[in-house]
Each structure stands twice: as C-alpha cells, then as structure tokens.
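Undergrad: Would you mind keeping the following structure in view while I ask a few things?
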Amino acid sequence: MEDKFSALIPRRRILYWDMSAHHTTPPPAGLKRLLFTTLMLAFPLALLVLLEIVLRVAHYGPDLSLFTRMEVGGKTYLVMNPSVGQRYFPGTEFSPATSSDAFPLVKAPGTFRIFCLGGSTTAGYPYWFNGSFSAFLRTRLHALFPDRTIEVVNCGLTATNSFTVLDFTRELTRAGADLIIVYDGHNEFYGALGVASRESPTGFRALTELSLSLLRFRTYVLLRDVYAGIRRSLAGSHAGEERGTMMERLSRGENIPLGGARYREALGTFRENLRATGELCAAHGVRLILGTQVSNVRTIHPFVSLPRPGISGAAAGEFSASLDAGRDALASRHPDRGIAPLRRALALDSLRADAMFALAECLDATGDRRGARAAYIRARDLDQLRFRASSDFNAAIREAAHAPAVAVADIEARFAEAAPDSIVGSGLIFEHLHPTARGAFLMAKAYAQVMERSGLIAAEEAWRARDTVPDELLWAQRPMTPLDERLAARKVDILTSGWPFRPGVPVVPAVPPEDTLGQFVENVTRSRWTWEQAHEAALAYYKKRSEWDAVEREFRAIITQMPLDVQPQFAFAHFYMERGKLPAMAAVLEATLEVEPTKLAYRSLGDLALQAGQPGPAIERYRALERFPQETGERVENGYLLGLAYAGAGRTDSARAVAARVLALNPSYAPAKELLRRLEAPAR
C-alpha cells in the first residue's frame with residue numbers, strides 16, 4: 001500500500017503543477033506596463049476629446065476664422081471676420097476694425113486676386129479703410145485695366161506683426177490669392193505676439209507658432225481664456241495701467257537697446273517669419289511683394305534715450321556737458337558751433353539717440369543734407385522705445401527678395417525721393433509712422449510699379465501701354481472726403497496728446513458746438529457713431545446746404561466701403577435723377593446689377609432707355625422683369641412699357657402680343673387699349 005500510494009503522489013503533484021502553469025501564469029511584466037500606460041494615456045485623452053466635443057456643440061468662444069460668408073444676389077461672398085483679431089488679443093479688451101472688402105467664394109476665371117496684409121498702416125489708420133494704400137491701389141489698377149476683374153482685399157489688422165502675416169498667409173494661399181502684398185515691420189516689438197508685448201504668450205517663436213496652430217481647438221481656447229482671466233485678476237490692482245492709447249496698453253514699457261538680446265530676438269523672428277511666408281507663397285504659386293518700412297525721422301525726436309551700460313561718472317559728466325553745449329548752439333542759431341561738441345559726446349556714448357538727433361539737427365541747419373539724413377536715421381535706430389522699425393529690419397526685408405516669388409517695393413526710398421532734401425518728415429507722415437493720404441497714394445504707386453516690373457496681371461509692355469492715366473486724375477478720384485481728413489487729424493491729435501509723445505494725461509481741445517463736421521468726427525472718435533453713420537450725417541448736412549459736389553463725394557465714399565449694399569447706390573441714383581443727370585443715374589443703376597439684380601434697377605433702366613429713344617436696351621431691361629415675382633398691377637404696367645418698346649423698335653407683332661396679354665390681365669387698362677389701337681390702325 002505504501003508503495004502504491006508513494007507511486008501516486010509524484011504523479012498528482014506533477015499534474016497539479018502542469019495544470020497550474022497552463023491556466024494561471026501571469027502575463028509578462030512589460031505587457032502589464034504597456035496596458036497600464038495605454039489606459040492611463042487614453043483616459044485623459046478621451047476626456048479632452050469629450051470636452052472638445054462639448055465645447056464645439058455649445059459654440060464656446062469666439063469665431064476665430066479669417067473670413068465669414070455672406071449671401072448677396074444669389075452669390076456667396078467672403079468678408080473678413082470682425083472677431084479674427086481675438087486670435088491675437090485674448091488678454092486685452094481690444095477688437096481691431098476689419099475691412100468690408102468682400103470677394104466671391106468661387107473665383108471667376110480670369111480674376112486676379114490681391115490680399116494686402118500688415119498693421120495699422122495697411123488698415124488705413126488714422127483714416128478708415130478708404131484711406132489705405134489698398135484703396136488707392138484698387139483705384140489705380142481698375143483705371144489701368146478696366147477690362148480685367150481685379151480684386152484688392154484689405155486684411156490689415158491694427159497692432160499686429162509678422163506672426164499675423166504668416167498666420168493669414170497660410171489661409172490666403174488656399175483662398176485663391178494671386179498676389180499678397182505686405183507692409184509690416186514697425187510692430188515687431190510691441191505688437192501682438194511681439195517680444196515686448198503684453199500679448200506675447202511665450203517669447204519663443206516655435207511656441208508662439210504652436211499656440212496659433214492650436215487655436216483651432218476649443219479646448220485650447222478655453223485654457224487660454226482661463227489663463228487670461230487669472231492674469232487679469234492678479235493685475236487688478238494695476239487696472240489703471242490699462243488706460244491710454246493702444247500703443248501704451250500693448251507695450252510693456254520695455255526699453256530695448258540697439259543690438260541687445262531682445263533686439264536680436266525680434267530681428268531673428270522677423271527674418272524667420274518673412275522666410276516662412278515667402279516659402280508658403282512659393283509652394284502655392286502665389287507672388288509676394290514686401291514693402292520696406294518708412295517713418296518720420298526729421299520731426300520726431302527719439303522717444304527714449306538712455307546712457308550705455310557701464311559709463312563712468314566722469315565720462316557721463318563730460319557727455320552731458322558736451323550735449324548741453326551742442327543744444328545751446330542749436331538754440332542760439334549757431335548750429336555750426338554745435339557739431340564738434342555733439343561729436344565729442346557721441347565719442348563718449350555712441351548709443352545715445354538724443355545726442356545723435358541733436359547732431360542731425362545741426363547738420364540739417366547748416367545745409368549738410370546727406371550727413372543730416374544719415375544722422376536722423378541713426379537716431380531713429382538708437383531710439384530704445386521701438387515703435388519705428390530700424391534699418392536692420394528694412395535690410396531683412398530687402399534680403400527676403402532673394403527668395404523665389406518674392407519682390408520688394410522700397411517704400412522708404414520712394415518717400416525719401418518725394419521728401420524735401422530726401423529726409424522724410426511730416427510732409428507725407430502724420431506723426432511717427434502713419435502716412436497721410438498722399439503718402440498712402442505714393443505707397444500704392446510703388447507697389448503697382450513692382451507689379452509692372454514683375455509682369456503681374458499683364459506683361460511689362462502692356463503695363464507701359466496702359467499706364468497713361470495721370471496721377472492727379474487718380475488722386476482726384478480718391479474715395480475720400482473732407483470728413484475723412486478731419487477724422488484723421490482728430491485721431492492724430494488724440495494719439496499725440498499722450499504717451500510717448502507727451503507726458504501726463506492726454507488732453508485735446510474741445511470741438512466747438514457750431515463746428516458741425518467736427519461734432520460728427522467727435523462722435524466717431526468717442527465710439528458713439530460708426531464711420532458710415534458719420535458720412536451719412538455729412539451727406540444730409542451737404543444736401544441741406546445744396547453743396548452738390550460734396551454730396552456726390554460723400555456718396556462715392558460710402559459706396560466704396562459698402563460695395564455689397566445696393567441701397568446707398570439706389571439713393572445715389574435718385575440723387576442724380578433729381579439733379580437731371582440721367583446718364584450718371586443709369587451708370588449707377590447698371591453697377592447695382594453686378595451686385596444684386598433688382599426690379600427697381602431693371603425698371604428704371606428700361607424707363608431711361610425708352611425715354612432716350614433706345615427701344616432695344618429698353619426691351620432687354622423690361623423683359624428681365626419677368627424673372628421676378630410681380631403683382632398684377634406691376635405686370636400690367638411693365639407689360640405695357642415692354643409693348644411700347646417693341647413698337648418703338650418696329651416689332652409690331654411682338655407689341656400686339658404683349659398688349660393682348662396686358663388686356664387679358666386688366667381689360668380696362670386704357671394705355672394698352674390705345675397702344676393696340678394704334679398698332680392695328682392702317683399706316684398712312
């Protein structure tokens with residue numbers, strides 16, 4: 001028995017361990033870790049996906065798309081989204097204005113489409129968009145190529161920089177762009193996402209680019225909003241700092257010396273953004289024209305001038321004495337005596353913008369224009385409050401032209417050519433950098449000349465053959481009025497009344513109550529009226545005073561900024577009718593048909609043609625009315641007029657048929673009876 005049981009025991013133990021090994025061996029440790037890690041990662045990812053879905057369903061956050069759609073006259077157009085600025089200003093209560101330039105969603109064959117990018121100058125500041133260089137460019141191109149469909153769309157956005165240009169370009173290359181025009185560079189430090197801006201989220205180009213790309217996700221927008229809210233609450237005790245101009249609110253007040261680390265960072269970022277923009281355009285077959293930056297160097301003193309680090313007390317004292325001697329000589333009208341002490345001062349501290357500017361003034365006063373120009377430009381470059389692009393940034397723009405599909409319009413050189421003594425001052429620029437209307441006109445011409453040299457729209461020979469319209473005629477056709485000039489001047493007065501132009505609280509003189517146009521301007525600057533409301537008020541004002549030329553200019557300005565709204569055009573046509581200018585009335589009505597075919601336009605054009613003894617065009621317009629729903633009375637009257645037009649064209653059979661249809665609708669309609677009687681009367 002013992003042998004029997006002892007023989008069984010090993011076999012059962014073997015069987016037990018074999019079965020155990022087969023059914024319960026745990027998985028390898030590596031597989032466990034992989035499964036655990038996958039679950040740990042999948043869970044928060046699933047939560048993020050769920051949150052993203054919920055936020056999209058709830059329509060959380062603003063619409064950050066570049067364009068929105070609008071339906072007019074059965075066509076779909078794209079127009080710049082007013083909320084797109086919130087891509088770049090999440091922490092500031094600032095919503096930059098956007099243009100009303102619209103373009104068809106479906107690009108018609110043969111159309112040449114141009115987008116203009118940049119900051120406040122591109123947007124037309126201190127004017128509205130009708131005072132921008134893009135508006136002048138549109139007028140010029142339409143005058144030179146009336147047989148071509150050329151679209152010029154202004155996508156300028158105040159207080160933005162090359163990050164926005166690159167961001168927009170990614171979308172514009174897919175929006176049918178043939179040419180992108182860029183005027184950008186002044187805002188690289190303090191504009192949104194600049195290295196010294198309150199709206200710079202990271203300070204690193206790659207992270208800023210990543211941040212912009214993540215804005216398509218609502219979850220990221222939520223996180224950004226939470227961060228901005230926390231930052232605002234922590235800064236609550238400094239809320240007063242948010243007052244002031246947009247320049248002051250975006251700037252951190254950071255002084256940036258020429259060649260310093262922050263300066264080099266901004267310049268490097270600018271170069272990279274230009275390179276990336278050029279590569280995008282080349283990859284999509286889009287031409288790119290960059291514009292050099294121009295600024296007022298002659299009448300704007302450097303905003304911030306600080307001593308170089310480490311200058312000794314003795315050297316600092318000698319510098320101050322030399323600077324004072326130079327300034328005294330200039331003030332006493334002996335500028336020649338100030339040159340030597342100012343040069344001594346700069347030998348002690350070559351980074352002092354104030355000393356360089358004083359030297360420029362002395363050279364200017366003694367007639368050394370070449371030396372003065374170089375010193376003025378150097379003083380601007382040394383200014384440590386960097387609201388004006390320095391020479392290094394213009395050099396970067398010119399270098400970018402070496403890339404394929406990129407050209408440069410040397411705006412700085414064009415302004416210098418037009419300025420007295422080749423020194424850019426206040427003649428073409430309002431304050432430190434925003435061009436006057438004449439300056440914007442000059443910019444448009446410079447861009448058009450580069451287009452000509454590049455063979456865009458047409459070959460260079462065709463450009464030369466067409467370029468016969470005098471500049472003064474184009475200037476006279478500008479879509480601007482005295483109200484726009486008054487508005488620009490008032491905005492500049494407000495801007496220059498405070499930091500960095502003047503210390504203390506900004507103060508501007510009150511507008512007298514009897515100054516009607518001034519009151520209109522004040523309503524706009526105080527955000528009580530829109531640009532359109534001010535011009536409509538000016539229209540009524542000039543009508544009341546019977547100033548008909550001014551009324552006509554106001555109508556034209558309004559229509560250029562509301563191109564898809566036919567109501568102002570109908571009002572303009574009615575104005576011409578009242579003034580007895582029927583051909584001009586017809587031209588305006590014809591223009592409305594390109595936007596939206598209407599019964600009113602067709603009927604009015606038919607009446608005008610019939611009265612002018614042109615039955616053929618009248619027949620065409622009256623027949624077009626048949627496409628619209630009409631009341632019985634309308635059908636009767638319009639049919640009768642069509643019958644008259646047929647009769648006038650000698651098409652008596654058609655006239656009889658139409659008159660019969662009219663009488664079938666209204667047997668008692670006397671004019672149709674008389675028409676039919678005359679048609680059936682025997683010829684004499």
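Convention: chains lettered A, B, ... in structure tokens order; per-chain residue numbering from 1; ligands numbered from 1 as shown.
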Identify, on the basis of only C-alpha atoms, every residue whose closest approach to stretch 598-608 of chain A does not exceed 9 Å; exclude the query and any residue fewer than 2 positions from it along the same chain; express the result as a ChimeraX atom specification.
TA: /A:73,570,582-583,585-586,589-590,592-593,596,610-615,617-625,628,638,641-642,645
Undergrad: Near A:Leu539, counting only C-alpha atoms, which residues have an atom at most 12 Å away, once you skip same-chain residues fewer than 6 positions from it, shown as a list of chain:residue names?
TA: A:Thr481, A:Pro482, A:Leu483, A:Leu517, A:Phe520, A:Glu532, A:Gln533, A:Arg545, A:Ser546, A:Glu547, A:Trp548, A:Asp549, A:Ala550, A:Val551, A:Glu552, A:Arg553, A:Glu554, A:Phe555, A:Arg556, A:Ala557, A:Ile558, A:Pro568, A:Ala571, A:Phe572, A:Phe575
Undergrad: Please identify every residue of stretch 439-477 of chain A that has at least one atom no farther than 9 Å from an atom of stretch 126-138 of chain A, counting only C-alpha atoms, and for each give the shortest atom pair and the distance in Å to one decimal, arranged by chain then increasing number, as JSON lines.
TA:
{"residue": "A:Gly439", "atom": "CA", "partner": "A:Phe133", "partner_atom": "CA", "distance": 8.3}
{"residue": "A:Ala440", "atom": "CA", "partner": "A:Phe133", "partner_atom": "CA", "distance": 4.5}
{"residue": "A:Phe441", "atom": "CA", "partner": "A:Phe136", "partner_atom": "CA", "distance": 5.7}
{"residue": "A:Leu442", "atom": "CA", "partner": "A:Phe133", "partner_atom": "CA", "distance": 8.0}
{"residue": "A:Met443", "atom": "CA", "partner": "A:Phe133", "partner_atom": "CA", "distance": 6.1}
{"residue": "A:Ala444", "atom": "CA", "partner": "A:Leu137", "partner_atom": "CA", "distance": 4.8}
{"residue": "A:Lys445", "atom": "CA", "partner": "A:Leu137", "partner_atom": "CA", "distance": 7.0}
{"residue": "A:Tyr447", "atom": "CA", "partner": "A:Leu137", "partner_atom": "CA", "distance": 7.9}
{"residue": "A:Ala448", "atom": "CA", "partner": "A:Leu137", "partner_atom": "CA", "distance": 7.1}
{"residue": "A:Leu474", "atom": "CA", "partner": "A:Phe136", "partner_atom": "CA", "distance": 8.3}
{"residue": "A:Trp475", "atom": "CA", "partner": "A:Phe136", "partner_atom": "CA", "distance": 8.3}
Undergrad: Provide the atom CA of A:Phe115 to atom CA of A:Ile181 distance in Å, to one decimal place.
TA: 6.2 Å
Undergrad: Which one of A:Ala647, A:Ala358, A:Ile300, A:Ala102 sits closest to A:Ala331 if you count only C-alpha atoms?
TA: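 Looking at the shortest contact to A:Ala331, the residue is A:Ala358.
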Undergrad: Considering only C-alpha atoms, state which residue in the set A:Thr436, A:Asn154, A:Asn296, A:Gln86 is at the smallest distance from A:Leu172.
TA: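 Counting only C-alpha atoms, the residue closest to A:Leu172 is A:Asn154.
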Undergrad: Excluding A:Thr164 and residues on its chain fewer than 5 positions from it, collect all residues at most 12 Å away from it, counting only C-alpha atoms, and give them as an MDAnalysis selection string.
TA: chainID A and resid 66 84:89 117:119 155:159 169:172 182:185 187:188 191:194 208:209 212:213 270 273:274 277
Undergrad: Between A:Ala395, A:Gly633, A:Arg370, A:Leu215, which residue has the minimum interatomic distance to A:Pro420, considering only C-alpha atoms?
TA: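 Among A:Ala395, A:Gly633, A:Arg370, A:Leu215, it is A:Arg370 that comes nearest to A:Pro420.
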Undergrad: So that I can check the surroundings of A:Val106, please list as a list in words every protein, DNA and RNA residue that reaches within 10 Å of it, counting only C-alpha atoms and ignoring chain neighbours fewer than 6 positions away.
TA: Lys75, Thr76, Tyr77, Leu78, Ala175 and Gly176 of chain A
Undergrad: Suppose you want the space between atom CA of A:Ala403 and atom CA of A:Arg453; what is it in Å?
TA: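 Between these atoms lies a distance of 16.4 Å.
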Undergrad: Identify, on the basis of only C-alpha atoms, every residue whose closest approach to A:Met451 does not exceed 10 Å; exclude the query and any residue fewer than 2 positions from it along the same chain; express the result as an MDAnalysis selection string.
TA: chainID A and resid 179 287:289 407:409 445:449 453:460 463
Undergrad: The selected residues should be written to file as a tab-separated table (two decimals), in the first residue's frame (atoms: N, CA, C and O atoms).
TA:
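Generated output (out35.tsv):
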chain	number	residue	atom	x	y	z
A	179	LEU	N	-1.64	87.28	-55.56
A	179	LEU	CA	-0.59	88.16	-55.05
A	179	LEU	C	-0.91	88.54	-53.62
A	179	LEU	O	-2.07	88.84	-53.29
A	287	ARG	N	2.51	85.05	-55.72
A	287	ARG	CA	3.57	86.05	-55.67
A	287	ARG	C	3.45	86.87	-54.39
A	287	ARG	O	2.35	87.09	-53.88
A	288	LEU	N	4.59	87.34	-53.89
A	288	LEU	CA	4.65	88.09	-52.64
A	288	LEU	C	5.46	89.36	-52.87
A	288	LEU	O	6.56	89.32	-53.40
A	289	ILE	N	4.88	90.51	-52.48
A	289	ILE	CA	5.61	91.78	-52.53
A	289	ILE	C	5.66	92.35	-51.12
A	289	ILE	O	4.62	92.60	-50.49
A	407	ALA	N	9.27	89.81	-54.14
A	407	ALA	CA	9.82	91.08	-54.62
A	407	ALA	C	9.65	92.11	-53.51
A	407	ALA	O	8.90	91.90	-52.56
A	408	VAL	N	10.35	93.21	-53.63
A	408	VAL	CA	10.30	94.26	-52.61
A	408	VAL	C	9.98	95.60	-53.26
A	408	VAL	O	10.60	95.97	-54.26
A	409	ALA	N	9.01	96.30	-52.66
A	409	ALA	CA	8.74	97.69	-53.02
A	409	ALA	C	9.45	98.55	-51.98
A	409	ALA	O	9.13	98.46	-50.79
A	445	LYS	N	1.29	103.46	-55.58
A	445	LYS	CA	2.01	103.58	-56.84
A	445	LYS	C	3.29	102.74	-56.82
A	445	LYS	O	3.63	102.08	-57.80
A	446	ALA	N	3.99	102.73	-55.67
A	446	ALA	CA	5.22	101.95	-55.56
A	446	ALA	C	4.93	100.45	-55.71
A	446	ALA	O	5.67	99.73	-56.40
A	447	TYR	N	3.86	99.97	-55.08
A	447	TYR	CA	3.51	98.56	-55.23
A	447	TYR	C	3.11	98.24	-56.67
A	447	TYR	O	3.46	97.19	-57.21
A	448	ALA	N	2.37	99.15	-57.31
A	448	ALA	CA	1.96	98.93	-58.70
A	448	ALA	C	3.18	98.87	-59.62
A	448	ALA	O	3.22	98.07	-60.57
A	449	GLN	N	4.19	99.69	-59.35
A	449	GLN	CA	5.40	99.67	-60.19
A	449	GLN	C	6.14	98.34	-60.06
A	449	GLN	O	6.69	97.84	-61.05
A	453	ARG	N	6.97	95.66	-63.05
A	453	ARG	CA	8.28	95.06	-63.33
A	453	ARG	C	8.23	93.54	-63.24
A	453	ARG	O	9.01	92.85	-63.91
A	454	SER	N	7.33	93.01	-62.42
A	454	SER	CA	7.23	91.57	-62.24
A	454	SER	C	6.31	90.91	-63.26
A	454	SER	O	6.15	89.68	-63.26
A	455	GLY	N	5.69	91.71	-64.13
A	455	GLY	CA	4.81	91.15	-65.15
A	455	GLY	C	3.53	90.56	-64.59
A	455	GLY	O	2.97	89.63	-65.18
A	456	LEU	N	3.04	91.10	-63.48
A	456	LEU	CA	1.80	90.62	-62.89
A	456	LEU	C	0.60	91.30	-63.55
A	456	LEU	O	0.67	92.48	-63.90
A	457	ILE	N	-0.46	90.59	-63.73
A	457	ILE	CA	-1.69	90.99	-64.41
A	457	ILE	C	-1.47	91.01	-65.92
A	457	ILE	O	-2.26	90.48	-66.68
A	458	ALA	N	-0.39	91.68	-66.34
A	458	ALA	CA	-0.07	91.74	-67.77
A	458	ALA	C	1.44	91.88	-67.93
A	458	ALA	O	2.15	92.16	-66.97
A	459	ALA	N	1.90	91.68	-69.14
A	459	ALA	CA	3.32	91.84	-69.42
A	459	ALA	C	3.73	93.29	-69.22
A	459	ALA	O	2.91	94.21	-69.29
A	460	GLU	N	5.02	93.50	-68.99
A	460	GLU	CA	5.52	94.85	-68.71
A	460	GLU	C	5.20	95.81	-69.86
A	460	GLU	O	4.87	96.97	-69.64
A	463	TRP	N	1.66	96.95	-69.54
A	463	TRP	CA	1.55	97.95	-68.47
A	463	TRP	C	1.92	99.33	-69.02
A	463	TRP	O	1.21	100.32	-68.79
Undergrad: What parts of stretch 154-397 of chain A does DSSP call strand (DSSP E or B)? I'd like the answer as a list of chain:residue names.
TA: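 Filtering stretch 154-397 of chain A down to strand (DSSP E or B) leaves A:Asn154, A:Leu179, A:Ile180, A:Ile181, A:Val182, A:Tyr183, A:Ser197, A:Ser251, A:Arg287, A:Leu288, A:Ile289, A:Leu290, A:Gly291.
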Undergrad: Could you take the residues named above and write them with all heavy atoms, as a CSV table (one decimal), in the first residue's frame?
TA:
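Output file result-v6.csv follows:
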chain,number,residue,atom,x,y,z
A,154,ASN,N,-8.3,94.1,-48.5
A,154,ASN,CA,-7.5,94.6,-47.3
A,154,ASN,C,-7.7,93.7,-46.1
A,154,ASN,O,-8.9,93.6,-45.6
A,154,ASN,CB,-7.9,96.1,-47.0
A,154,ASN,CG,-6.9,96.7,-46.0
A,154,ASN,OD1,-6.4,96.1,-45.1
A,154,ASN,ND2,-6.7,98.0,-46.2
A,179,LEU,N,-1.6,87.3,-55.6
A,179,LEU,CA,-0.6,88.2,-55.1
A,179,LEU,C,-0.9,88.5,-53.6
A,179,LEU,O,-2.1,88.8,-53.3
A,179,LEU,CB,-0.5,89.4,-55.9
A,179,LEU,CG,0.4,90.6,-55.4
A,179,LEU,CD1,1.9,90.1,-55.4
A,179,LEU,CD2,0.2,91.8,-56.3
A,180,ILE,N,0.1,88.5,-52.8
A,180,ILE,CA,0.0,89.0,-51.4
A,180,ILE,C,0.9,90.2,-51.2
A,180,ILE,O,2.1,90.0,-51.5
A,180,ILE,CB,0.3,87.9,-50.4
A,180,ILE,CG1,-0.8,86.8,-50.4
A,180,ILE,CG2,0.4,88.5,-49.0
A,180,ILE,CD1,-0.6,85.7,-49.5
A,181,ILE,N,0.4,91.3,-50.8
A,181,ILE,CA,1.2,92.5,-50.6
A,181,ILE,C,1.3,92.7,-49.1
A,181,ILE,O,0.3,92.7,-48.3
A,181,ILE,CB,0.6,93.7,-51.2
A,181,ILE,CG1,0.7,93.6,-52.8
A,181,ILE,CG2,1.2,95.0,-50.8
A,181,ILE,CD1,0.0,94.7,-53.5
A,182,VAL,N,2.5,92.9,-48.6
A,182,VAL,CA,2.8,93.0,-47.1
A,182,VAL,C,3.5,94.4,-46.8
A,182,VAL,O,4.5,94.7,-47.5
A,182,VAL,CB,3.6,91.9,-46.6
A,182,VAL,CG1,3.9,92.1,-45.1
A,182,VAL,CG2,2.9,90.5,-46.8
A,183,TYR,N,2.9,95.1,-45.9
A,183,TYR,CA,3.6,96.3,-45.3
A,183,TYR,C,3.7,96.0,-43.8
A,183,TYR,O,2.7,96.2,-43.1
A,183,TYR,CB,2.9,97.6,-45.6
A,183,TYR,CG,3.7,98.8,-45.1
A,183,TYR,CD1,4.8,99.3,-45.9
A,183,TYR,CD2,3.3,99.4,-44.0
A,183,TYR,CE1,5.5,100.3,-45.4
A,183,TYR,CE2,4.1,100.5,-43.5
A,183,TYR,CZ,5.1,101.0,-44.2
A,183,TYR,OH,5.9,102.0,-43.8
A,197,SER,N,5.6,92.6,-26.0
A,197,SER,CA,4.2,92.9,-26.0
A,197,SER,C,3.5,92.2,-24.9
A,197,SER,O,3.9,91.1,-24.5
A,197,SER,CB,3.5,92.5,-27.3
A,197,SER,OG,2.1,92.6,-27.2
A,251,SER,N,2.3,97.9,-25.1
A,251,SER,CA,3.7,97.9,-24.7
A,251,SER,C,3.9,97.6,-23.3
A,251,SER,O,3.2,98.1,-22.4
A,251,SER,CB,4.3,99.3,-25.1
A,251,SER,OG,5.6,99.4,-24.5
A,287,ARG,N,2.5,85.1,-55.7
A,287,ARG,CA,3.6,86.0,-55.7
A,287,ARG,C,3.5,86.9,-54.4
A,287,ARG,O,2.4,87.1,-53.9
A,287,ARG,CB,3.5,87.0,-56.9
A,287,ARG,CG,3.7,86.2,-58.2
A,287,ARG,CD,5.1,85.5,-58.3
A,287,ARG,NE,6.1,86.5,-58.2
A,287,ARG,CZ,6.7,87.1,-59.3
A,287,ARG,NH1,6.2,86.9,-60.5
A,287,ARG,NH2,7.7,88.0,-59.1
A,288,LEU,N,4.6,87.3,-53.9
A,288,LEU,CA,4.6,88.1,-52.6
A,288,LEU,C,5.5,89.4,-52.9
A,288,LEU,O,6.6,89.3,-53.4
A,288,LEU,CB,5.3,87.2,-51.5
A,288,LEU,CG,5.6,87.9,-50.2
A,288,LEU,CD1,4.3,88.3,-49.5
A,288,LEU,CD2,6.4,87.0,-49.3
A,289,ILE,N,4.9,90.5,-52.5
A,289,ILE,CA,5.6,91.8,-52.5
A,289,ILE,C,5.7,92.3,-51.1
A,289,ILE,O,4.6,92.6,-50.5
A,289,ILE,CB,4.9,92.8,-53.5
A,289,ILE,CG1,4.9,92.3,-54.9
A,289,ILE,CG2,5.7,94.1,-53.4
A,289,ILE,CD1,4.2,93.2,-55.9
A,290,LEU,N,6.9,92.5,-50.6
A,290,LEU,CA,7.1,93.1,-49.3
A,290,LEU,C,7.4,94.6,-49.5
A,290,LEU,O,8.0,95.0,-50.5
A,290,LEU,CB,8.2,92.4,-48.6
A,290,LEU,CG,8.2,90.9,-48.4
A,290,LEU,CD1,9.5,90.4,-47.8
A,290,LEU,CD2,7.0,90.5,-47.5
A,291,GLY,N,7.0,95.4,-48.5
A,291,GLY,CA,7.3,96.8,-48.5
A,291,GLY,C,8.3,97.2,-47.4
A,291,GLY,O,8.1,96.8,-46.3
Undergrad: Which residues in stretch 224-451 of chain A does DSSP call alpha helix (DSSP H)? List them as number ranges by chain.
TA: A: 224-234, 246-250, 261-283, 313-331, 335-348, 353-365, 369-382, 391-400, 411-418, 437-451
Undergrad: Can you tell me which residues surround A:Ile429 at a distance of at most 12 Å, considering only C-alpha atoms, apart from same-chain residues fewer than 2 positions away, and format the answer as a ChimeraX atom specification?
TA: /A:121,125-126,294-300,412,415-416,418-419,423-427,431-443,488-489,492
Undergrad: Could you write out the selected residues, including C-alpha atoms, as an mmCIF file, in the first residue's frame?
TA:
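Once everything was written out, this is again_25.cif:
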data_model
loop_
_atom_site.group_PDB
_atom_site.id
_atom_site.type_symbol
_atom_site.label_atom_id
_atom_site.label_comp_id
_atom_site.auth_asym_id
_atom_site.auth_seq_id
_atom_site.Cartn_x
_atom_site.Cartn_y
_atom_site.Cartn_z
ATOM 1 C CA THR A 121 -0.885 101.487 -41.825
ATOM 2 C CA TYR A 125 -5.056 104.491 -39.825
ATOM 3 C CA PRO A 126 -5.716 107.290 -38.975
ATOM 4 C CA VAL A 294 9.113 104.259 -43.656
ATOM 5 C CA SER A 295 8.961 106.583 -40.650
ATOM 6 C CA ASN A 296 9.275 110.239 -39.773
ATOM 7 C CA VAL A 297 12.918 110.781 -38.854
ATOM 8 C CA ARG A 298 13.113 114.554 -39.201
ATOM 9 C CA THR A 299 10.468 115.926 -36.828
ATOM 10 C CA ILE A 300 10.012 113.109 -34.304
ATOM 11 C CA GLU A 412 11.298 104.076 -47.691
ATOM 12 C CA PHE A 415 9.193 108.565 -49.619
ATOM 13 C CA ALA A 416 12.767 109.869 -49.491
ATOM 14 C CA ALA A 418 9.332 112.671 -52.570
ATOM 15 C CA ALA A 419 10.535 114.396 -49.378
ATOM 16 C CA ILE A 423 14.756 113.457 -45.490
ATOM 17 C CA VAL A 424 11.377 112.019 -44.514
ATOM 18 C CA GLY A 425 9.492 114.294 -42.162
ATOM 19 C CA SER A 426 5.916 115.355 -41.572
ATOM 20 C CA GLY A 427 5.068 116.091 -45.203
ATOM 21 C CA GLU A 431 3.279 111.616 -36.598
ATOM 22 C CA HIS A 432 5.958 108.971 -36.272
ATOM 23 C CA LEU A 433 4.964 106.458 -38.943
ATOM 24 C CA HIS A 434 1.387 106.635 -40.294
ATOM 25 C CA PRO A 435 1.227 108.048 -43.852
ATOM 26 C CA THR A 436 -1.063 110.844 -44.922
ATOM 27 C CA ALA A 437 -3.458 110.181 -47.787
ATOM 28 C CA ARG A 438 -0.769 111.409 -50.177
ATOM 29 C CA GLY A 439 1.650 109.005 -48.557
ATOM 30 C CA ALA A 440 -0.762 106.085 -48.984
ATOM 31 C CA PHE A 441 -1.254 107.137 -52.616
ATOM 32 C CA LEU A 442 2.533 107.031 -53.078
ATOM 33 C CA MET A 443 2.708 103.577 -51.482
ATOM 34 C CA ALA A 488 -7.681 111.548 -39.378
ATOM 35 C CA ALA A 489 -6.453 114.839 -37.947
ATOM 36 C CA VAL A 492 -3.697 112.053 -34.610
#
Undergrad: A:Leu663: which residues within 10 Å, counting only C-alpha atoms, same-chain residues fewer than 3 positions away excluded, as a list in words?
TA: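 Counting only the stated atoms, we get Val636, Gly639, Tyr640, Val658, Ala659, Ala660, Asn666, Pro667, Ser668, Tyr669, Ala670, Pro671, Ala672, Lys673 and Leu676 of chain A.
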Undergrad: Any chance you could export the current selection's C-alpha atoms as a short mmCIF file (atom, residue, chain, number, x, y, z; two decimals), in the first residue's frame?
TA:
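See result_34.cif below for the written result:
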data_model
loop_
_atom_site.label_atom_id
_atom_site.label_comp_id
_atom_site.auth_asym_id
_atom_site.auth_seq_id
_atom_site.Cartn_x
_atom_site.Cartn_y
_atom_site.Cartn_z
CA VAL A 636 -49.86 95.25 -66.36
CA GLY A 639 -46.03 94.75 -69.86
CA TYR A 640 -47.43 97.93 -71.37
CA VAL A 658 -47.73 91.92 -75.27
CA ALA A 659 -50.64 94.40 -75.39
CA ALA A 660 -53.06 91.48 -75.67
CA ASN A 666 -56.76 94.02 -66.99
CA PRO A 667 -59.32 94.50 -69.80
CA SER A 668 -59.95 98.12 -68.76
CA TYR A 669 -56.32 99.28 -68.89
CA ALA A 670 -56.67 102.26 -71.22
CA PRO A 671 -52.98 102.76 -72.20
CA ALA A 672 -52.79 99.19 -73.53
CA LYS A 673 -56.04 99.68 -75.46
CA LEU A 676 -53.27 98.19 -79.54
#
Undergrad: With distances taken over only C-alpha atoms, which of A:Val521, A:Val507, A:Leu644, A:Leu495 is nearest to A:Phe430?
TA: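 That would be A:Leu495, the residue with the smallest distance to A:Phe430.
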Undergrad: As an exercise, work out the distance from atom CA of A:Asp63 to atom CA of A:Phe103 in Å and give it to one decimal place.
TA: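 Between these atoms lies a distance of 19.6 Å.
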Undergrad: Determine the nearest neighbour of A:Gly260 from the options A:Ala345, A:Cys281, A:Leu382, A:Ala649, counting only C-alpha atoms.
TA: A:Leu382
Undergrad: Which one of A:Ala681, A:Gly367, A:Ser100, A:Val286 sits closest to A:Asp565 if you count only C-alpha atoms?
TA: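 Going through A:Ala681, A:Gly367, A:Ser100, A:Val286 one by one, the smallest distance to A:Asp565 is for A:Ser100.
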